[in-house]
Each structure stands twice: as structure tokens, then as C-alpha cells.
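> Right, I'll just put the structure down here and ask away after.
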Amino acid sequence: MSFFKKIFSSEKKETLDKGLEKSKSSFFNKLNKAVAGKSKVDDDVLDNLEEVLVTSDVGVNTTLKVIERIEERISRDKYLGTSELNKILREEIAGLLSETNSGEETDYTIPNLPVQDNGKKTPYVLMVVGVNGVGKTTTIGKLAYQFKKKDLKVVLGAADTFRAAAIDQLQVWADRVDVPMIRQEMGSDPASVAFDALQSGVNQDADVIIIDTAGRLHNKVNLMNELSKVKRVMQKVIGNAPHDVLLVLDGSTGQNAFEQAKQFTAATEVTSLAVTKLDGTAKGGVVIGISDQFKIPVKYIGVGEGIEDLQVFNKYEFVDSFFK
């Protein structure tokens with residue numbers, strides 16, 4: 001298959017390989033036990049493989065699709081040796097993910113947006129959502145850094161006004177990356193902060209405006225109402241804002257990340273995903289399942305603590321590293 005070709009720089013690929021090391025090691029330990037004493041991929045091996053994929057957080061639905069594809073291959077080729085199983089998995093999972101229209105980017109980009117009625121350029125507005133503790137603020141800071149590296153002018157908006165720590169943490173990143181941040185006092189109206197951030201961004205001819213929001217899921221109705229209000233108020237400044245609603249998920253929580261994605265997509269429109277903390281866990285398979293199951297593109301993955309360790313998600317590079 002021609003899925004696999006060099007896409008990232010060798011340095012980025014090395015970081016990805018290292019970030020997925022725990023997931024890969026755990027997966028292959030399970031896989032080796034699953035095929036021990038077997039030379040042919042038979043029903044027993046497939047049953048064991050199904051368990052390996054599910055316990056590696058690939059998810060039940062995606063696992064069943066992968067098993068079905070391998071069964072079709074066995075039916076077609078008549079014989080498959082267990083020594084080929086890793087190569088087969090690599091190809092079939094890449095083939096499965098190739099059917100989705102996401103995970104093909106290789107660099108940080110923003111769309112070209114039409115000029116506003118007042119003649120000013122339209123900043124790209126990114127609203128970031130996610131529960132506390134998933135790495136939301138860190139993801140925003142690293143995105144700001146990457147966009148600034150592209151010579152784009154970035155403005156941050158601290159609209160998570162329910163926690164003083166959230167505002168202060170975002171300020172630390174704004175200072176570190178050297179980008180302006182719009183903030184108000186703790187307890188302020190989040191929509192008001194978002195409005196100010198967009199106005200400031202337009203006035204400064206910003207290319208990118210990133211808005212942080214509160215991550216409370218205990219009451220979906222309140223969350224939905226709040227995020228809807230933030231959107232409405234932003235649209236008074238820029239008609240079609242936000243252009244992207246990025247949900248940040250903690251990959252180390254495995255199946256709980258699936259549940260968070262379900263909860264948030266029920267509460268608000270989510271247009272892209274970032275999966276963080278993959279380097280500290282053996283649950284990297286969750287990215288494969290989330291990428292397949294949700295009709296929402298995985299845009300970014302976190303594979304380390306360094307400022308460069310937030311990567312644009314490319315499904316072929318990911319599968320290549322995972323099954324290398």
C-alpha cells in the first residue's frame with residue numbers, strides 16, 4: 001500500500017515515536033501473547049486480537065471494523081501468517097482511517113477568510129472547550145506559539161472567568177509566547193471577555209484569536225447556554241465567529257475521552273479535536289478510535305511536555321509510529 005511516505009521532518013517523527021512508546025510497547029506485549037504458539041491467523045487469533053485492540057482503547061466499534069477487514073483479507077488471500085499481523089494491522093487501520101476526510105494536514109495553517117465590510121481582514125477565531133485538567137490552557141499556549149512561528153499575529157482571550165487559576169495560567173503562556181491577552185476579573189461575563197478579545201484582535205489586525213472557555217460539564221444546559229451566548233456576542237464583532245470550536249481531550253483517560261467527546265458534542269457544536277498527554281500513557285489507541293468514530297477531525301495531538309510537542313495530527317504518520 002502507498003499510505004506510508006515521509007511526511008514530517010525526522011525530528012518531528014522522532015518526537016512522535018517517543019511520545020507513543022508506552023502505547024506501542026503495551027500493545028505489542030499484548031499482541032505477542034495473543035499470537036504465541038500460532039503460525040496462522042485463525043479464529044482464536046482474531047478473538048485474541050479483538051481483545052488486544054479493545055484493551056488498548058481503540059474502542060469497540062473501531063475494533064470490530066478492523067477485525068472485519070482482516071477477516072475479508074483472510075477470505076481473499078486464504079492464508080495469513082501471524083508474522084504478517086503487524087504489517088496487516090498497520091495497513092488495514094490506515095485504510096480505515098483513510099476513509100475519513102481528516103488527519104491529512106502536515107503543518108499549522110489557517111484558512112483564508114474574506115475581508116470584513118469595514119475593509120479590515122477577518123481574524124481566524126478559534127474557541128477552545130474542554131473540562132478542567134485536560135491540558136486546555138497548555139494546548140492554547142502551544143498553538144499560539146506555533147501560529148506565531150508562522151509570522152501570524154495572535155491574540156488570546158481569557159473567557160474561563162470561573163477560575164482565577166485559569167486566567168493566570170493563560171497569562172503565563174501569553175507572556176512566554178509574547179502575545180497579547182485580553183482578560184477581566186474572575187467572575188466576569190465570559191461573553192464580555194470574548195467580545196473584547198475580538199474587538200481588540202480586529203483593531204490590532206490580528207490573524208488568529210484564540211478564546212479559552214470554562215470547562216464545566218456537571219450541568220450541560222448551563223454549559224450550552226453559556227457557550228451559545230459567547231458565540232452570539234462574538235458574532236456582533238465578526239459575523240461568522242468562531243470559525244473553529246476545538247475540543248481538548250486527555251488521551252491518558254482512555255475511554256473517558258470518548259465519553260467527554262460525547263458529552264461536549266451534545267452540549268455544543270464541536271468542529272475539531274485535540275488529544276493531549278499521549279506520551280505519559282499506554283492509551284494511545286484512543287486516537288485511532290476517536291478519529292474513526294467521531295465525524296469530527298482530530299487536528300492536534302500532544303506527545304510531550306515541550307513547547308514543540310503539540311503536533312498536527314496526521315493519521316498515516318500516527319499509524320506508522322504506532323505499529324512500527
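Identifiers in the C-alpha cells: chain A, B, ... in order shown; residue index from 1 per chain; ligand index from 1 in order shown.
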Leaving out Gly59 in chain A and any residue of its chain fewer than 4 positions from it, which residues lie within 9 Å of it when counting only C-alpha atoms, given as a VMD selection string?
chain A and resid 53 to 55 63 to 64 255 258 285 to 286 288 to 290 293
> Residues as selected, all heavy atoms, written as a short mmCIF file (atom, residue, chain, number, x, y, z; two decimals), in the first residue's frame, can you do that?

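Generated file (part.cif):
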```
data_model
loop_
_atom_site.label_atom_id
_atom_site.label_comp_id
_atom_site.auth_asym_id
_atom_site.auth_seq_id
_atom_site.Cartn_x
_atom_site.Cartn_y
_atom_site.Cartn_z
N LEU A 53 -7.09 -5.06 20.94
CA LEU A 53 -7.46 -3.73 20.43
C LEU A 53 -8.38 -3.00 21.40
O LEU A 53 -8.22 -1.81 21.66
CB LEU A 53 -8.12 -3.87 19.05
CG LEU A 53 -7.18 -4.28 17.90
CD1 LEU A 53 -7.99 -4.65 16.67
CD2 LEU A 53 -6.20 -3.16 17.58
N VAL A 54 -9.36 -3.74 21.94
CA VAL A 54 -10.30 -3.10 22.88
C VAL A 54 -9.58 -2.65 24.13
O VAL A 54 -9.79 -1.53 24.62
CB VAL A 54 -11.46 -4.07 23.23
CG1 VAL A 54 -12.30 -3.51 24.37
CG2 VAL A 54 -12.36 -4.28 22.01
N THR A 55 -8.69 -3.49 24.67
CA THR A 55 -7.97 -3.13 25.90
C THR A 55 -6.87 -2.10 25.64
O THR A 55 -6.28 -1.57 26.58
CB THR A 55 -7.36 -4.37 26.58
OG1 THR A 55 -6.49 -5.05 25.66
CG2 THR A 55 -8.44 -5.32 27.05
N THR A 63 -12.69 -1.42 16.65
CA THR A 63 -12.09 -2.75 16.70
C THR A 63 -12.85 -3.73 15.81
O THR A 63 -12.24 -4.49 15.04
CB THR A 63 -12.09 -3.27 18.16
OG1 THR A 63 -11.18 -2.48 18.93
CG2 THR A 63 -11.67 -4.73 18.22
N LEU A 64 -14.17 -3.70 15.88
CA LEU A 64 -14.97 -4.61 15.05
C LEU A 64 -14.76 -4.35 13.56
O LEU A 64 -14.72 -5.28 12.75
CB LEU A 64 -16.46 -4.48 15.41
CG LEU A 64 -16.83 -4.96 16.83
CD1 LEU A 64 -18.31 -4.71 17.11
CD2 LEU A 64 -16.50 -6.45 17.00
N GLN A 255 -10.95 5.51 27.57
CA GLN A 255 -12.36 5.52 27.18
C GLN A 255 -13.13 6.72 27.73
O GLN A 255 -14.15 7.12 27.17
CB GLN A 255 -13.04 4.21 27.61
CG GLN A 255 -12.57 3.01 26.82
CD GLN A 255 -12.73 3.20 25.32
OE1 GLN A 255 -13.84 3.32 24.80
NE2 GLN A 255 -11.63 3.24 24.60
N PHE A 258 -13.58 9.31 25.16
CA PHE A 258 -14.75 9.08 24.29
C PHE A 258 -15.99 9.70 24.93
O PHE A 258 -16.79 10.36 24.27
CB PHE A 258 -15.00 7.57 24.10
CG PHE A 258 -14.18 6.92 23.03
CD1 PHE A 258 -12.94 6.38 23.31
CD2 PHE A 258 -14.65 6.84 21.73
CE1 PHE A 258 -12.18 5.76 22.33
CE2 PHE A 258 -13.91 6.23 20.74
CZ PHE A 258 -12.67 5.69 21.04
N GLY A 285 -4.07 4.25 21.64
CA GLY A 285 -5.04 3.69 20.70
C GLY A 285 -6.33 4.49 20.64
O GLY A 285 -7.09 4.40 19.67
N VAL A 286 -6.57 5.30 21.69
CA VAL A 286 -7.80 6.10 21.74
C VAL A 286 -7.87 7.07 20.56
O VAL A 286 -8.95 7.39 20.07
CB VAL A 286 -7.89 6.86 23.09
CG1 VAL A 286 -6.90 8.00 23.17
CG2 VAL A 286 -9.30 7.38 23.33
N ILE A 288 -6.93 6.48 17.49
CA ILE A 288 -7.44 5.73 16.34
C ILE A 288 -8.95 5.62 16.42
O ILE A 288 -9.66 5.87 15.45
CB ILE A 288 -6.79 4.32 16.29
CG1 ILE A 288 -5.28 4.43 16.07
CG2 ILE A 288 -7.43 3.46 15.19
CD1 ILE A 288 -4.53 3.13 16.25
N GLY A 289 -9.45 5.27 17.60
CA GLY A 289 -10.90 5.11 17.78
C GLY A 289 -11.64 6.42 17.63
O GLY A 289 -12.68 6.48 16.96
N ILE A 290 -11.13 7.48 18.25
CA ILE A 290 -11.79 8.78 18.17
C ILE A 290 -11.79 9.29 16.74
O ILE A 290 -12.78 9.82 16.24
CB ILE A 290 -11.11 9.79 19.13
CG1 ILE A 290 -11.55 9.50 20.57
CG2 ILE A 290 -11.45 11.22 18.76
CD1 ILE A 290 -10.88 10.35 21.62
N GLN A 293 -14.44 7.10 14.94
CA GLN A 293 -15.82 7.09 15.41
C GLN A 293 -16.54 8.43 15.30
O GLN A 293 -17.72 8.48 14.96
CB GLN A 293 -15.88 6.63 16.87
CG GLN A 293 -15.62 5.14 17.05
CD GLN A 293 -16.64 4.29 16.34
OE1 GLN A 293 -17.84 4.41 16.56
NE2 GLN A 293 -16.18 3.44 15.44
#
```
> For Asn314 in chain A, find every residue with an atom within 9 Å (counting only C-alpha atoms), except residues of its own chain fewer than 4 positions away, and show them as a PyMOL selection string.
chain A and resi 7-8+102-106+298-300+318-319
> Distance CA of Asp175 in chain A-CA of Val270 in chain A, one decimal place?
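For CA of Asp175 in chain A relative to CA of Val270 in chain A, the distance reads 28.3 Å.
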> Name the residues of range 98-217 of chain A that come out as strand (DSSP E) in a backbone DSSP run; write them as a list in words.
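Residues of range 98-217 of chain A classed as strand (DSSP E): Tyr124, Val125, Leu126, Met127, Val128, Val129, Val154, Val155, Leu156, Gly157, Ala158, Ala159, Met181, Ile182, Val208, Ile209, Ile210, Ile211, Asp212 and Thr213 of chain A.
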> For the residues in that selection, give me all heavy atoms as a tab-separated table (two decimals), in the first residue's frame.

```tsv
chain	number	residue	atom	x	y	z
A	124	TYR	N	-8.94	34.78	12.13
A	124	TYR	CA	-9.41	33.40	12.33
A	124	TYR	C	-9.68	33.22	13.82
A	124	TYR	O	-8.78	33.36	14.65
A	124	TYR	CB	-8.35	32.43	11.83
A	124	TYR	CG	-8.63	30.97	12.10
A	124	TYR	CD1	-9.69	30.32	11.49
A	124	TYR	CD2	-7.80	30.24	12.96
A	124	TYR	CE1	-9.93	28.97	11.73
A	124	TYR	CE2	-8.03	28.90	13.19
A	124	TYR	CZ	-9.09	28.27	12.57
A	124	TYR	OH	-9.33	26.93	12.80
A	125	VAL	N	-10.93	32.95	14.17
A	125	VAL	CA	-11.32	32.85	15.58
A	125	VAL	C	-11.48	31.38	15.97
A	125	VAL	O	-12.29	30.64	15.40
A	125	VAL	CB	-12.64	33.61	15.86
A	125	VAL	CG1	-13.01	33.50	17.34
A	125	VAL	CG2	-12.52	35.07	15.43
A	126	LEU	N	-10.70	30.98	16.96
A	126	LEU	CA	-10.70	29.60	17.46
A	126	LEU	C	-11.19	29.62	18.91
A	126	LEU	O	-10.58	30.25	19.77
A	126	LEU	CB	-9.28	29.03	17.38
A	126	LEU	CG	-8.99	27.68	18.02
A	126	LEU	CD1	-9.84	26.59	17.39
A	126	LEU	CD2	-7.51	27.34	17.89
A	127	MET	N	-12.32	28.95	19.17
A	127	MET	CA	-12.83	28.83	20.53
A	127	MET	C	-12.46	27.45	21.06
A	127	MET	O	-12.72	26.44	20.39
A	127	MET	CB	-14.35	29.02	20.56
A	127	MET	CG	-14.92	29.05	21.96
A	127	MET	SD	-16.64	29.64	22.01
A	127	MET	CE	-17.53	28.13	21.64
A	128	VAL	N	-11.84	27.40	22.24
A	128	VAL	CA	-11.34	26.14	22.80
A	128	VAL	C	-12.19	25.73	23.99
A	128	VAL	O	-12.42	26.52	24.91
A	128	VAL	CB	-9.85	26.28	23.20
A	128	VAL	CG1	-9.32	24.94	23.69
A	128	VAL	CG2	-9.02	26.78	22.02
A	129	VAL	N	-12.67	24.48	23.97
A	129	VAL	CA	-13.51	23.95	25.04
A	129	VAL	C	-12.89	22.66	25.57
A	129	VAL	O	-12.04	22.04	24.93
A	129	VAL	CB	-14.96	23.68	24.55
A	129	VAL	CG1	-15.61	24.95	24.03
A	129	VAL	CG2	-14.99	22.61	23.46
A	154	VAL	N	-1.18	36.87	16.87
A	154	VAL	CA	-2.10	36.10	17.70
A	154	VAL	C	-2.56	36.94	18.90
A	154	VAL	O	-1.77	37.64	19.52
A	154	VAL	CB	-1.44	34.80	18.22
A	154	VAL	CG1	-2.42	33.98	19.05
A	154	VAL	CG2	-0.88	33.98	17.06
A	155	VAL	N	-3.86	36.84	19.22
A	155	VAL	CA	-4.42	37.45	20.43
A	155	VAL	C	-5.16	36.36	21.21
A	155	VAL	O	-5.90	35.56	20.62
A	155	VAL	CB	-5.40	38.60	20.09
A	155	VAL	CG1	-6.14	39.08	21.35
A	155	VAL	CG2	-4.65	39.77	19.45
A	156	LEU	N	-4.96	36.31	22.52
A	156	LEU	CA	-5.65	35.34	23.37
A	156	LEU	C	-6.76	36.03	24.16
A	156	LEU	O	-6.62	37.20	24.53
A	156	LEU	CB	-4.67	34.67	24.35
A	156	LEU	CG	-3.46	33.96	23.76
A	156	LEU	CD1	-2.65	33.29	24.88
A	156	LEU	CD2	-3.88	32.93	22.72
A	157	GLY	N	-7.85	35.30	24.42
A	157	GLY	CA	-8.93	35.80	25.24
A	157	GLY	C	-9.21	34.86	26.39
A	157	GLY	O	-9.50	33.67	26.17
A	158	ALA	N	-9.11	35.35	27.63
A	158	ALA	CA	-9.27	34.51	28.83
A	158	ALA	C	-10.73	34.50	29.28
A	158	ALA	O	-11.10	35.16	30.26
A	158	ALA	CB	-8.35	35.00	29.94
A	159	ALA	N	-11.57	33.74	28.57
A	159	ALA	CA	-13.01	33.73	28.87
A	159	ALA	C	-13.41	32.62	29.84
A	159	ALA	O	-14.60	32.42	30.09
A	159	ALA	CB	-13.82	33.61	27.57
A	181	MET	N	-2.92	39.27	25.62
A	181	MET	CA	-4.06	38.53	26.16
A	181	MET	C	-5.07	39.50	26.73
A	181	MET	O	-4.73	40.41	27.47
A	181	MET	CB	-3.62	37.54	27.25
A	181	MET	CG	-4.76	36.65	27.73
A	181	MET	SD	-4.28	35.57	29.08
A	181	MET	CE	-4.84	36.51	30.50
A	182	ILE	N	-6.33	39.31	26.38
A	182	ILE	CA	-7.42	40.13	26.90
A	182	ILE	C	-8.05	39.40	28.08
A	182	ILE	O	-8.43	38.23	27.96
A	182	ILE	CB	-8.48	40.39	25.81
A	182	ILE	CG1	-7.82	40.96	24.55
A	182	ILE	CG2	-9.57	41.32	26.33
A	182	ILE	CD1	-6.98	42.21	24.77
A	208	VAL	N	-5.02	35.57	14.13
A	208	VAL	CA	-5.64	34.48	14.90
A	208	VAL	C	-6.06	35.00	16.27
A	208	VAL	O	-5.28	35.69	16.94
A	208	VAL	CB	-4.65	33.31	15.09
A	208	VAL	CG1	-5.33	32.16	15.84
A	208	VAL	CG2	-4.10	32.81	13.77
A	209	ILE	N	-7.29	34.69	16.66
A	209	ILE	CA	-7.77	34.99	18.02
A	209	ILE	C	-8.20	33.67	18.65
A	209	ILE	O	-9.05	32.96	18.10
A	209	ILE	CB	-8.96	35.97	18.01
A	209	ILE	CG1	-8.58	37.28	17.28
A	209	ILE	CG2	-9.41	36.29	19.43
A	209	ILE	CD1	-9.76	38.20	17.02
A	210	ILE	N	-7.59	33.34	19.79
A	210	ILE	CA	-7.92	32.07	20.47
A	210	ILE	C	-8.62	32.40	21.78
A	210	ILE	O	-8.09	33.11	22.63
A	210	ILE	CB	-6.65	31.23	20.75
A	210	ILE	CG1	-5.84	31.03	19.46
A	210	ILE	CG2	-7.03	29.88	21.34
A	210	ILE	CD1	-4.52	30.29	19.66
A	211	ILE	N	-9.84	31.86	21.93
A	211	ILE	CA	-10.67	32.14	23.11
A	211	ILE	C	-10.73	30.90	24.00
A	211	ILE	O	-11.20	29.83	23.58
A	211	ILE	CB	-12.10	32.54	22.69
A	211	ILE	CG1	-12.09	33.73	21.73
A	211	ILE	CG2	-12.95	32.85	23.93
A	211	ILE	CD1	-11.57	35.02	22.32
A	212	ASP	N	-10.28	31.03	25.24
A	212	ASP	CA	-10.41	29.97	26.24
A	212	ASP	C	-11.81	30.06	26.86
A	212	ASP	O	-12.36	31.14	27.00
A	212	ASP	CB	-9.35	30.13	27.32
A	212	ASP	CG	-9.30	28.96	28.29
A	212	ASP	OD1	-9.85	27.90	27.95
A	212	ASP	OD2	-8.70	29.11	29.37
A	213	THR	N	-12.39	28.91	27.21
A	213	THR	CA	-13.71	28.90	27.85
A	213	THR	C	-13.70	27.97	29.06
A	213	THR	O	-12.82	27.12	29.18
A	213	THR	CB	-14.82	28.43	26.87
A	213	THR	OG1	-14.54	27.09	26.46
A	213	THR	CG2	-14.90	29.34	25.65
```
> Go through A:Leu170, A:Val233, A:Ala206, A:Ile70 and flag the residue nearest Asp189 in chain A, using only C-alpha atoms for the distances.
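For Asp189 in chain A, the nearest of the candidates is A:Val233.
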> Within 10 Å of Phe27 in chain A, counting only C-alpha atoms, which residues show up once you throw out same-chain ones fewer than 2 positions away? Write them as a PyMOL selection string, please.
chain A and resi 21-25+29-32+52-53+55-56+282-285+322-323
> Can you list, as JSON, numbers by chain, all residues belonging to range 186-267 of chain A that DSSP tags as alpha helix (DSSP H)?
{"A": [190, 191, 192, 193, 194, 195, 196, 197, 198, 199, 200, 201, 202, 203, 220, 221, 222, 223, 224, 225, 226, 227, 228, 229, 230, 231, 232, 233, 234, 255, 256, 257, 258, 259, 260, 261, 262, 263, 264, 265, 266, 267]}
